[in-house]
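Peer 1: My structure is below; once you've seen it, I'll send some questions.
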Amino acid sequence: MKNRFFPVALIFVLVCLGLSGCASPQPERTFYAALGASDAFGIGAFPLKKGYVFRIEDRLEESRDVDLLLLAVPGADVDTIREILEFNLRIGIQPNLVTLWTGANDIIAGDDPEEFEADLKSILEQLRDKTPAVIVMADIPDLTKLPRFVDNPSRVVTTARIEAFNSVINSLADEFDVPVAKLSELEISDELASDIDGFHPSNEGHKMVAEAFLNIILPELGISN
């Protein structure tokens with residue numbers, strides 16, 4: 001497996017250490033760990049707090065207290081996310097809700113689906129074995145329809161490769177009984193992409209991603225929609 005750990009990740013993984021109840025969340029609290037890359041960090045949204053992770057947090061806070069651990073590193077691939085998770089588990093982090101959206105950076109980097117599968121499987125194994133978390137993943141939308149790749153097509157960002165990565169996501173989701181927010185079923189339009197780079201979600205895009213996650217999260221946590 002690749003080794004692309006970004007030291008800046010430590011800035012974010014340590015955020016939770018100052019939160020009360022992080023290691024042993026009370027039943028009326030949700031300790032939410034968001035695993036991902038720049039999208040989870042809120043890139044593309046203005047302000048960043050309009051990002052999909054913060055929208056999920058805001059919705060959950062309508063009915064409970066939420067501690068958010070944002071494990072988001074711009075540019076992170078699945079191997080980086082695996083290393084960040086392993087670090088957090090070693091220091092005793094015990095979330096009871098995890099969202100995971102990964103794969104786009106691996107596709108853009110030209111990585112093989114088999115490498116992606118090995119790292120994603122490791123992530124899910126560790127979450128299942130070492131945490132009580134409700135886990136929700138998202139698959140990968142049709143990146144080829146984003147303005148960035150419409151204007152500058154990439155030989156590695158193809159429908160076939162996106163489908164191969166989504167096949168891995170869905171297969172492992174079945175194996176580990178993890179529900180998937182089907183972003184692949186979204187109709188991609190220009191307004192869903194940020195005007196800055198034509199790649200990251202715009203405010204409207206982040207809203208749609210949050211809704212796709214929440215449609216799964218709320219019933220899983222027994223919260224009325």
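Labels for the structure tokens follow display order: chains A, B, ..., residues from 1 in each chain, ligands from 1.
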Please provide the set of residues having any atom within 8 Å of segment 183-189 of chain A, restricted to only C-alpha atoms, with same-chain residues fewer than 5 positions apart removed, written as a PyMOL selection string.
Peer 2: chain A and resi 138-142+145-146+209+212
Peer 1: Sort by chain and increasing residue number a table of all residues of segment 106-157 of chain A within 10 Å of segment 68-80 of chain A, each with its closest pair of atoms and their distance in Å to one decimal, counting only C-alpha atoms, and write it as CSV.
Peer 2:
residue,atom,partner,partner_atom,distance
A:Asp106,CA,A:Asp77,CA,5.5
A:Ile107,CA,A:Asp77,CA,9.2
A:Ile108,CA,A:Asp77,CA,9.8
A:Ala109,CA,A:Asp77,CA,8.8
A:Asp111,CA,A:Asp77,CA,9.6
A:Glu115,CA,A:Asp79,CA,8.8
A:Phe116,CA,A:Val78,CA,6.6
A:Glu117,CA,A:Val78,CA,9.1
A:Ala118,CA,A:Asp79,CA,9.1
A:Asp119,CA,A:Asp79,CA,5.8
A:Leu120,CA,A:Val78,CA,6.6
A:Ser122,CA,A:Asp79,CA,9.5
A:Ile123,CA,A:Val78,CA,8.7
Peer 1: I'd like the contact shell of Val53 of chain A - 10 Å cut-off, only C-alpha atoms, skipping same-chain residues fewer than 2 positions apart - returned as a list in words.
Peer 2: Tyr32, Ala33, Ala34, Leu35, Gly36, Asp39, Ala40, Phe41, Gly42, Leu48, Lys49, Lys50, Gly51, Arg55, Ile56, Glu57, Asp58, Leu68, Leu70, Ala72, Thr99, His206, Lys207, Val209, Ala210 and Phe213 of chain A
Peer 1: Write out as a VMD selection string all residues of segment 94-142 of chain A that backbone DSSP assigns to helix (DSSP H, G or I).
Peer 2: chain A and resid 104 to 108 113 to 130
Peer 1: Just asking: which residues within segment 13-205 of chain A are strand (DSSP E) according to DSSP, as a VMD selection string?
Peer 2: chain A and resid 29 to 36 65 to 72 97 to 101 134 to 138 180 to 181
Peer 1: Counting only C-alpha atoms, figure out which residue out of A:Leu172, A:Ala133, A:Leu60, A:Val66 gets nearest to Gln94 of chain A.
Peer 2: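 Among the listed residues, the smallest separation from Gln94 of chain A belongs to A:Ala133.
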Peer 1: Given the choices A:Val156, A:Ile223, A:Trp101, A:Glu86, which gets closest to Tyr52 of chain A if the distance is worked out from only C-alpha atoms?
Peer 2: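 Distance minimum relative to Tyr52 of chain A lands on A:Trp101.
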Peer 1: Calculated over only C-alpha atoms, which of the candidates A:Thr30, A:Asn105, A:Asn225, A:Ser202 has the smallest distance to Pro47 of chain A?
Peer 2: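 Residue with the minimum atom-to-atom distance to Pro47 of chain A: A:Ser202.
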Peer 1: Measuring atom to atom with only C-alpha atoms, identify which of A:Ser224, A:Gln126, A:Thr144, A:Ser194 is nearest to Leu85 of chain A.
Peer 2: A:Gln126
Peer 1: Pick from A:Leu218, A:Glu191, A:Pro179, A:Met208: nearest to Glu62 of chain A, with only C-alpha atoms counted?
Peer 2: A:Leu218
Peer 1: Please, what distance in Å, to one decimal, runs between atom CA of Pro219 of chain A and atom CA of Leu97 of chain A?
Peer 2: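 Computing the Euclidean distance for atom CA of Pro219 of chain A and atom CA of Leu97 of chain A yields 12.6 Å.
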Peer 1: Pick from A:Arg90, A:Val150, A:Arg64, A:Val136: nearest to Asn170 of chain A, with only C-alpha atoms counted?
Peer 2: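 Using only C-alpha atoms, Asn170 of chain A sits closest to A:Val136.
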